[in-house]
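Student: This is the content of run06.tsv (TSV, C-alpha atoms):
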chain	number	residue	atom	x	y	z
Z	1	GLN	CA	-73.88	29.11	-72.13
Z	2	PHE	CA	-72.77	26.15	-74.20
Z	3	ALA	CA	-74.75	22.93	-73.90
Z	4	PRO	CA	-74.49	19.72	-75.94
Z	5	LYS	CA	-76.98	19.46	-78.81
Z	6	ARG	CA	-77.23	16.34	-80.90
Z	7	ALA	CA	-76.40	16.80	-84.58
Z	8	THR	CA	-77.32	13.83	-86.71
Z	9	GLY	CA	-78.62	12.55	-90.03
Z	10	TYR	CA	-78.56	9.30	-91.95
Z	11	MET	CA	-77.73	7.72	-95.29
Z	12	ASP	CA	-79.23	4.46	-96.58
Z	13	VAL	CA	-76.92	2.37	-98.76
Z	14	ASP	CA	-77.88	-0.65	-100.84
Z	15	ARG	CA	-76.27	-3.72	-99.28
Z	16	GLN	CA	-75.65	-5.06	-102.79
Z	17	LEU	CA	-73.43	-2.06	-103.52
Z	18	LEU	CA	-71.20	-2.98	-100.61
Z	19	VAL	CA	-71.07	-6.63	-101.69
Z	20	GLN	CA	-70.23	-5.91	-105.34
Z	21	THR	CA	-67.63	-3.17	-104.91
Z	22	ALA	CA	-64.17	-2.82	-103.43
Z	23	ASN	CA	-63.65	-2.42	-99.70
Z	24	SER	CA	-62.81	1.24	-100.29
Z	25	ILE	CA	-66.47	2.06	-101.02
Z	26	GLU	CA	-67.41	1.97	-97.34
Z	27	ALA	CA	-64.56	4.33	-96.50
Z	28	ARG	CA	-65.75	6.66	-99.24
Z	29	LEU	CA	-69.31	6.59	-97.91
Z	30	ARG	CA	-68.11	7.34	-94.40
Z	31	ASN	CA	-66.10	10.28	-95.75
Z	32	GLN	CA	-69.20	11.62	-97.52
Z	33	LEU	CA	-71.12	11.40	-94.24
Z	34	VAL	CA	-68.44	13.37	-92.40
Z	35	LEU	CA	-68.40	16.02	-95.14
Z	36	GLY	CA	-72.19	16.26	-94.99
Z	37	HIS	CA	-71.96	16.65	-91.23
Z	38	ALA	CA	-69.46	19.48	-91.66
Z	39	GLN	CA	-71.91	21.21	-94.02
Z	40	LEU	CA	-74.56	20.97	-91.30
Z	41	LEU	CA	-72.25	22.68	-88.81
Z	42	ASP	CA	-71.54	25.46	-91.32
Z	43	ARG	CA	-75.26	26.01	-91.85
Z	44	ILE	CA	-76.08	26.34	-88.16
Z	45	ALA	CA	-73.24	28.84	-87.70
Z	46	PHE	CA	-74.72	31.17	-90.31
Z	47	SER	CA	-78.45	30.55	-90.10
Z	48	GLY	CA	-79.25	28.23	-87.20
Z	49	ALA	CA	-82.79	29.03	-86.08
Z	50	ALA	CA	-82.92	27.81	-82.45
Z	51	ALA	CA	-85.97	25.69	-83.33
Z	52	ASN	CA	-85.91	21.99	-82.42
Z	53	ASN	CA	-82.91	22.52	-80.14
Z	54	GLU	CA	-80.83	23.95	-83.01
Z	55	PRO	CA	-78.10	26.47	-82.06
Z	56	VAL	CA	-78.74	30.12	-82.93
Z	57	GLY	CA	-76.74	31.20	-85.97
Z	58	ILE	CA	-75.27	34.63	-86.65
Z	59	LEU	CA	-78.20	35.78	-88.81
Z	60	ASN	CA	-80.75	34.86	-86.15
Z	61	ASP	CA	-78.87	36.14	-83.12
Z	62	THR	CA	-80.80	39.17	-81.89
Z	63	ASP	CA	-77.65	40.60	-80.29
Z	64	VAL	CA	-75.87	40.85	-83.66
Z	65	PRO	CA	-76.39	44.37	-85.12
Z	66	ASP	CA	-78.69	44.33	-88.15
Z	67	LEU	CA	-78.62	47.11	-90.74
Z	68	ALA	CA	-82.16	47.21	-92.13
Z	69	ILE	CA	-82.74	48.47	-95.67
Z	70	GLY	CA	-86.51	48.95	-95.62
Z	71	THR	CA	-89.92	47.73	-94.53
Z	72	ASN	CA	-90.03	45.22	-97.36
Z	73	GLY	CA	-86.30	44.96	-98.00
Z	74	GLY	CA	-84.41	46.77	-100.72
Z	75	ALA	CA	-81.53	46.74	-103.17
Z	76	ILE	CA	-77.94	46.51	-102.02
Z	77	THR	CA	-75.92	49.67	-102.64
Z	78	LYS	CA	-72.34	50.84	-102.33
Z	79	VAL	CA	-73.41	53.13	-99.46
Z	80	LEU	CA	-74.87	50.19	-97.53
Z	81	ILE	CA	-71.64	48.23	-97.98
Z	82	GLU	CA	-69.59	51.19	-96.76
Z	83	THR	CA	-71.94	51.68	-93.81
Z	84	LEU	CA	-71.54	48.07	-92.73
Z	85	VAL	CA	-67.75	48.45	-92.84
Z	86	GLN	CA	-67.96	51.67	-90.82
Z	87	ARG	CA	-70.16	50.04	-88.19
Z	88	LEU	CA	-67.73	47.15	-87.76
Z	89	GLU	CA	-64.84	49.59	-87.42
Z	90	GLU	CA	-66.75	51.59	-84.81
Z	91	ALA	CA	-67.33	48.36	-82.86
Z	92	ASN	CA	-63.55	47.70	-82.97
Z	93	GLY	CA	-64.23	44.50	-84.85
Z	94	MET	CA	-62.26	45.31	-87.98
Z	95	ASN	CA	-58.93	43.52	-88.36
Z	96	ASP	CA	-57.07	41.27	-90.79
Z	97	ASN	CA	-59.35	38.36	-89.88
Z	98	ALA	CA	-62.55	40.12	-90.97
Z	99	ARG	CA	-64.44	38.42	-93.79
Z	100	TRP	CA	-67.60	38.88	-95.82
Z	101	VAL	CA	-69.88	35.84	-96.07
Z	102	ILE	CA	-72.60	36.22	-98.69
Z	103	SER	CA	-74.92	34.13	-100.82
Z	104	PRO	CA	-73.96	33.22	-104.40
Z	105	ILE	CA	-76.79	35.36	-105.76
Z	106	LEU	CA	-75.57	38.39	-103.81
Z	107	LYS	CA	-72.07	37.74	-105.12
Z	108	ARG	CA	-73.46	37.96	-108.66
Z	109	LEU	CA	-75.23	41.23	-107.84
Z	110	LEU	CA	-72.14	42.78	-106.28
Z	111	LYS	CA	-70.00	41.80	-109.27
Z	112	ALA	CA	-72.35	43.94	-111.38
Z	113	LEU	CA	-72.69	46.85	-108.93
Z	114	VAL	CA	-70.44	49.68	-110.14
Z	115	MET	CA	-68.29	51.69	-107.75
Z	116	ASP	CA	-68.95	54.90	-109.68
Z	117	ALA	CA	-69.72	56.05	-113.19
Z	118	GLY	CA	-66.85	55.63	-115.62
Z	119	SER	CA	-64.31	53.90	-113.37
Z	120	GLY	CA	-64.98	50.39	-114.65
Z	121	GLN	CA	-64.68	49.11	-111.06
Z	122	PHE	CA	-67.25	47.04	-109.22
Z	123	VAL	CA	-68.10	46.64	-105.53
Z	124	LEU	CA	-66.91	43.02	-105.60
Z	125	ASP	CA	-63.49	42.92	-107.22
Z	126	ARG	CA	-63.47	40.02	-109.68
Z	127	VAL	CA	-59.69	39.59	-109.50
Z	128	THR	CA	-59.11	39.66	-105.75
Z	129	ASN	CA	-62.59	38.47	-104.72
Z	130	THR	CA	-62.77	41.25	-102.15
Z	131	ILE	CA	-65.33	43.85	-101.08
Z	132	GLU	CA	-63.81	47.08	-99.79
Z	133	GLY	CA	-60.51	45.19	-99.65
Z	134	ILE	CA	-61.98	42.49	-97.38
Z	135	ALA	CA	-62.04	38.87	-98.57
Z	136	ALA	CA	-65.51	37.62	-99.56
Z	137	ILE	CA	-66.78	34.04	-99.36
Z	138	ALA	CA	-69.98	32.90	-101.07
Z	139	THR	CA	-71.95	29.98	-99.67
Z	140	THR	CA	-75.44	28.58	-100.01
Z	141	HIS	CA	-75.58	28.47	-96.21
Z	142	VAL	CA	-76.47	32.16	-96.40
Z	143	PRO	CA	-80.15	31.95	-97.42
Z	144	LYS	CA	-81.79	33.58	-100.41
Z	145	ASN	CA	-85.39	32.89	-99.36
Z	146	LEU	CA	-85.79	35.31	-96.46
Z	147	ALA	CA	-88.95	37.39	-96.08
Z	148	LYS	CA	-89.74	40.80	-94.61
Z	149	GLY	CA	-93.01	42.66	-94.90
Z	150	THR	CA	-94.20	41.94	-98.42
Z	151	GLY	CA	-90.66	41.24	-99.59
Z	152	THR	CA	-89.75	37.65	-100.43
Z	153	ASN	CA	-86.69	35.83	-101.76
Z	154	LEU	CA	-84.46	38.21	-99.82
Z	155	THR	CA	-80.84	37.41	-99.08
Z	156	ALA	CA	-78.25	38.45	-96.52
Z	157	ALA	CA	-74.68	39.59	-96.01
Z	158	ILE	CA	-72.46	39.00	-92.98
Z	159	LEU	CA	-69.34	41.00	-92.20
Z	160	GLY	CA	-67.28	40.11	-89.18
Z	161	ASP	CA	-64.35	38.58	-87.38
Z	162	PHE	CA	-65.35	34.95	-87.17
Z	163	ARG	CA	-63.00	34.35	-84.26
Z	164	SER	CA	-65.72	36.15	-82.27
Z	165	ALA	CA	-67.95	33.07	-82.56
Z	166	ALA	CA	-67.19	29.54	-81.44
Z	167	TYR	CA	-68.25	25.92	-81.56
Z	168	ALA	CA	-68.20	23.65	-78.54
Z	169	GLN	CA	-67.79	19.96	-79.23
Z	170	TRP	CA	-68.27	16.96	-76.96
Z	171	GLY	CA	-66.26	14.16	-78.53
Z	172	GLY	CA	-65.85	13.48	-82.24
Z	173	THR	CA	-68.29	12.38	-84.91
Z	174	GLU	CA	-69.51	8.85	-84.30
Z	175	ILE	CA	-70.92	6.87	-87.23
Z	176	ILE	CA	-73.36	4.13	-86.25
Z	177	VAL	CA	-73.82	1.32	-88.76
Z	178	ASP	CA	-77.43	0.10	-88.51
Z	179	THR	CA	-77.85	-3.25	-90.27
Z	180	VAL	CA	-81.35	-3.90	-88.88
Z	181	THR	CA	-83.73	-0.98	-89.48
Z	182	GLN	CA	-83.64	-1.17	-93.30
Z	183	ALA	CA	-82.80	-4.86	-93.59
Z	184	LEU	CA	-86.09	-5.77	-95.32
Z	185	ALA	CA	-85.37	-3.23	-98.05
Z	186	GLY	CA	-81.84	-4.58	-98.47
Z	187	ASN	CA	-80.20	-1.42	-97.14
Z	188	ILE	CA	-77.70	-0.52	-94.45
Z	189	ARG	CA	-78.28	2.76	-92.63
Z	190	TYR	CA	-75.32	4.93	-91.61
Z	191	VAL	CA	-76.08	7.43	-88.85
Z	192	PRO	CA	-73.52	10.14	-87.91
Z	193	ILE	CA	-73.91	11.60	-84.43
Z	194	GLN	CA	-72.07	14.44	-82.76
Z	195	TYR	CA	-72.79	16.62	-79.74
Z	196	VAL	CA	-72.05	20.23	-80.52
Z	197	ASP	CA	-73.12	23.82	-79.86
Z	198	PHE	CA	-72.46	27.22	-81.40
Z	199	HIS	CA	-72.55	30.75	-79.99
Z	200	VAL	CA	-71.62	34.25	-81.03
Z	201	ILE	CA	-69.21	35.39	-78.31
Z	202	GLN	CA	-68.87	39.07	-79.27
Z	203	PRO	CA	-72.00	40.12	-81.19
Z	204	GLY	CA	-70.62	43.58	-82.00
Z	205	HIS	CA	-67.84	42.02	-84.04
Z	206	PHE	CA	-70.44	41.03	-86.62
Z	207	GLN	CA	-72.61	43.27	-88.77
Z	208	VAL	CA	-75.40	41.90	-90.97
Z	209	ILE	CA	-77.96	42.93	-93.58
Z	210	LYS	CA	-80.88	40.51	-93.87
Z	211	ASP	CA	-83.32	42.14	-96.29
Z	212	ILE	CA	-81.52	42.43	-99.64
Z	213	THR	CA	-83.73	42.02	-102.67
Z	214	THR	CA	-82.44	39.66	-105.36
Z	215	SER	CA	-84.47	40.82	-108.37
Would you mind writing the file out in structure tokens?
Tutor:
Amino acid sequence: QFAPKRATGYMDVDRQLLVQTANSIEARLRNQLVLGHAQLLDRIAFSGAAANNEPVGILNDTDVPDLAIGTNGGAITKVLIETLVQRLEEANGMNDNARWVISPILKRLLKALVMDAGSGQFVLDRVTNTIEGIAAIATTHVPKNLAKGTGTNLTAAILGDFRSAAYAQWGGTEIIVDTVTQALAGNIRYVPIQYVDFHVIQPGHFQVIKDITTS
């Protein structure tokens, strides 16, 4: 069930900067706040932890199937990639909208993981930026500091049809200009606020691995 959760942050700006520069600087700062807010929404979709009223992201949703490598994690392999694809197909979640979402460090590893001896091909195609013919997106919102057993600095991979998850939004992003709180320090505080939630609607249309070693 969707319920409004407050997403917010703040940015302190030197009042002198606003006085000494063109009027466009405030518009630029507001744009940076909105972009930062969008990054927050991306992060909760992938790795929201449910703590402190945060929505549960795909990697932390217990209903999303998780392909475990080992007690302490393990290396990514071509077989694991193929298995994840097979599992999504068996869940009827494979279609033209399916995408891989991985961390930048996993992208580097997959670019070096050979398909087979002598072919000169790699699991992540450097030309098409695809894995098993499926488009791959790398983002820092997929963590590289996960832990399992004695394994640390583990990373994750998500494969799925992202139409099977959704945001709910109550109104737009409001930016409050606070000229009082930081007045003594000579700053103006900008506070973006939005009420939003996120849920995986069809968990079977996602497949994840969360214990990939990075070294």
Student: Each residue of range 166-212 of chain Z with at least one atom at most 8 Å from range 48-66 of chain Z should appear once, together with its nearest atom pair and the corresponding distance in Å (one decimal); atoms considered: only C-alpha atoms; ordering: chain, then increasing residue number; output as JSON lines.
Tutor:
{"residue": "Z:Asp197", "atom": "CA", "partner": "Z:Pro55", "partner_atom": "CA", "distance": 6.1}
{"residue": "Z:Phe198", "atom": "CA", "partner": "Z:Pro55", "partner_atom": "CA", "distance": 5.7}
{"residue": "Z:His199", "atom": "CA", "partner": "Z:Val56", "partner_atom": "CA", "distance": 6.9}
{"residue": "Z:Val200", "atom": "CA", "partner": "Z:Ile58", "partner_atom": "CA", "distance": 6.7}
{"residue": "Z:Pro203", "atom": "CA", "partner": "Z:Val64", "partner_atom": "CA", "distance": 4.6}
{"residue": "Z:Gly204", "atom": "CA", "partner": "Z:Val64", "partner_atom": "CA", "distance": 6.1}
{"residue": "Z:Phe206", "atom": "CA", "partner": "Z:Val64", "partner_atom": "CA", "distance": 6.2}
{"residue": "Z:Gln207", "atom": "CA", "partner": "Z:Pro65", "partner_atom": "CA", "distance": 5.4}
{"residue": "Z:Val208", "atom": "CA", "partner": "Z:Asp66", "partner_atom": "CA", "distance": 5.0}
{"residue": "Z:Ile209", "atom": "CA", "partner": "Z:Asp66", "partner_atom": "CA", "distance": 5.7}
{"residue": "Z:Lys210", "atom": "CA", "partner": "Z:Asp66", "partner_atom": "CA", "distance": 7.2}
Student: Could you check how far CA of Leu35 in chain Z sits from CA of His141 in chain Z, in Å to one decimal?
Tutor: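 Straight-line distance from CA of Leu35 in chain Z to CA of His141 in chain Z works out to 14.4 Å.
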Student: Can you tell me, as a ChimeraX atom specification, what residues are no more than 12 Å from Val127 in chain Z when counting all atoms listed in the file, ignoring any on the same chain fewer than 6 positions away?
Tutor: /Z:111,121,133,135-136
Student: Using all atoms listed in the file, can you tell me which of Z:Asn92, Z:Thr173, Z:Thr77, Z:Thr214 comes closest to Val191 in chain Z?
Tutor: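 Closest residue, counting all atoms listed in the file: Z:Thr173.
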Student: Rounded to one decimal in Å, what is the spacing between CA of Leu110 in chain Z and CA of Arg87 in chain Z?
Tutor: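 One can read the CA of Leu110 in chain Z to CA of Arg87 in chain Z distance as 19.6 Å.
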Student: My structure is short of atoms at range 167-178 of chain Z; please model N, CA and C atoms there, returning them as a PDB file, in the frame of the given file.
Tutor:
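Below you can see part.pdb, which holds the result:
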ATOM      1  N   TYR Z 167     -67.589  27.200 -81.771  1.00  0.00           N
ATOM      2  CA  TYR Z 167     -68.250  25.920 -81.560  1.00  0.00           C
ATOM      3  C   TYR Z 167     -67.753  25.310 -80.250  1.00  0.00           C
ATOM      4  N   ALA Z 168     -68.608  24.543 -79.619  1.00  0.00           N
ATOM      5  CA  ALA Z 168     -68.200  23.650 -78.540  1.00  0.00           C
ATOM      6  C   ALA Z 168     -68.529  22.231 -78.995  1.00  0.00           C
ATOM      7  N   GLN Z 169     -67.629  21.325 -78.728  1.00  0.00           N
ATOM      8  CA  GLN Z 169     -67.790  19.960 -79.230  1.00  0.00           C
ATOM      9  C   GLN Z 169     -67.527  18.969 -78.109  1.00  0.00           C
ATOM     10  N   TRP Z 170     -68.422  18.019 -77.958  1.00  0.00           N
ATOM     11  CA  TRP Z 170     -68.270  16.960 -76.960  1.00  0.00           C
ATOM     12  C   TRP Z 170     -67.960  15.668 -77.699  1.00  0.00           C
ATOM     13  N   GLY Z 171     -66.680  15.348 -77.792  1.00  0.00           N
ATOM     14  CA  GLY Z 171     -66.260  14.160 -78.530  1.00  0.00           C
ATOM     15  C   GLY Z 171     -66.257  14.398 -80.031  1.00  0.00           C
ATOM     16  N   GLY Z 172     -65.902  13.383 -80.791  1.00  0.00           N
ATOM     17  CA  GLY Z 172     -65.850  13.480 -82.240  1.00  0.00           C
ATOM     18  C   GLY Z 172     -67.165  13.058 -82.873  1.00  0.00           C
ATOM     19  N   THR Z 173     -67.117  12.847 -84.172  1.00  0.00           N
ATOM     20  CA  THR Z 173     -68.290  12.380 -84.910  1.00  0.00           C
ATOM     21  C   THR Z 173     -68.316  10.852 -84.908  1.00  0.00           C
ATOM     22  N   GLU Z 174     -69.343  10.300 -84.336  1.00  0.00           N
ATOM     23  CA  GLU Z 174     -69.510   8.850 -84.300  1.00  0.00           C
ATOM     24  C   GLU Z 174     -70.443   8.425 -85.427  1.00  0.00           C
ATOM     25  N   ILE Z 175     -70.076   7.385 -86.154  1.00  0.00           N
ATOM     26  CA  ILE Z 175     -70.920   6.870 -87.230  1.00  0.00           C
ATOM     27  C   ILE Z 175     -71.437   5.487 -86.824  1.00  0.00           C
ATOM     28  N   ILE Z 176     -72.738   5.399 -86.622  1.00  0.00           N
ATOM     29  CA  ILE Z 176     -73.360   4.130 -86.250  1.00  0.00           C
ATOM     30  C   ILE Z 176     -73.800   3.401 -87.518  1.00  0.00           C
ATOM     31  N   VAL Z 177     -73.428   2.149 -87.625  1.00  0.00           N
ATOM     32  CA  VAL Z 177     -73.820   1.320 -88.760  1.00  0.00           C
ATOM     33  C   VAL Z 177     -75.006   0.459 -88.338  1.00  0.00           C
ATOM     34  N   ASP Z 178     -76.179   0.780 -88.873  1.00  0.00           N
ATOM     35  CA  ASP Z 178     -77.430   0.100 -88.510  1.00  0.00           C
ATOM     36  C   ASP Z 178     -77.766  -0.911 -89.610  1.00  0.00           C
TER      37      ASP Z 178
END
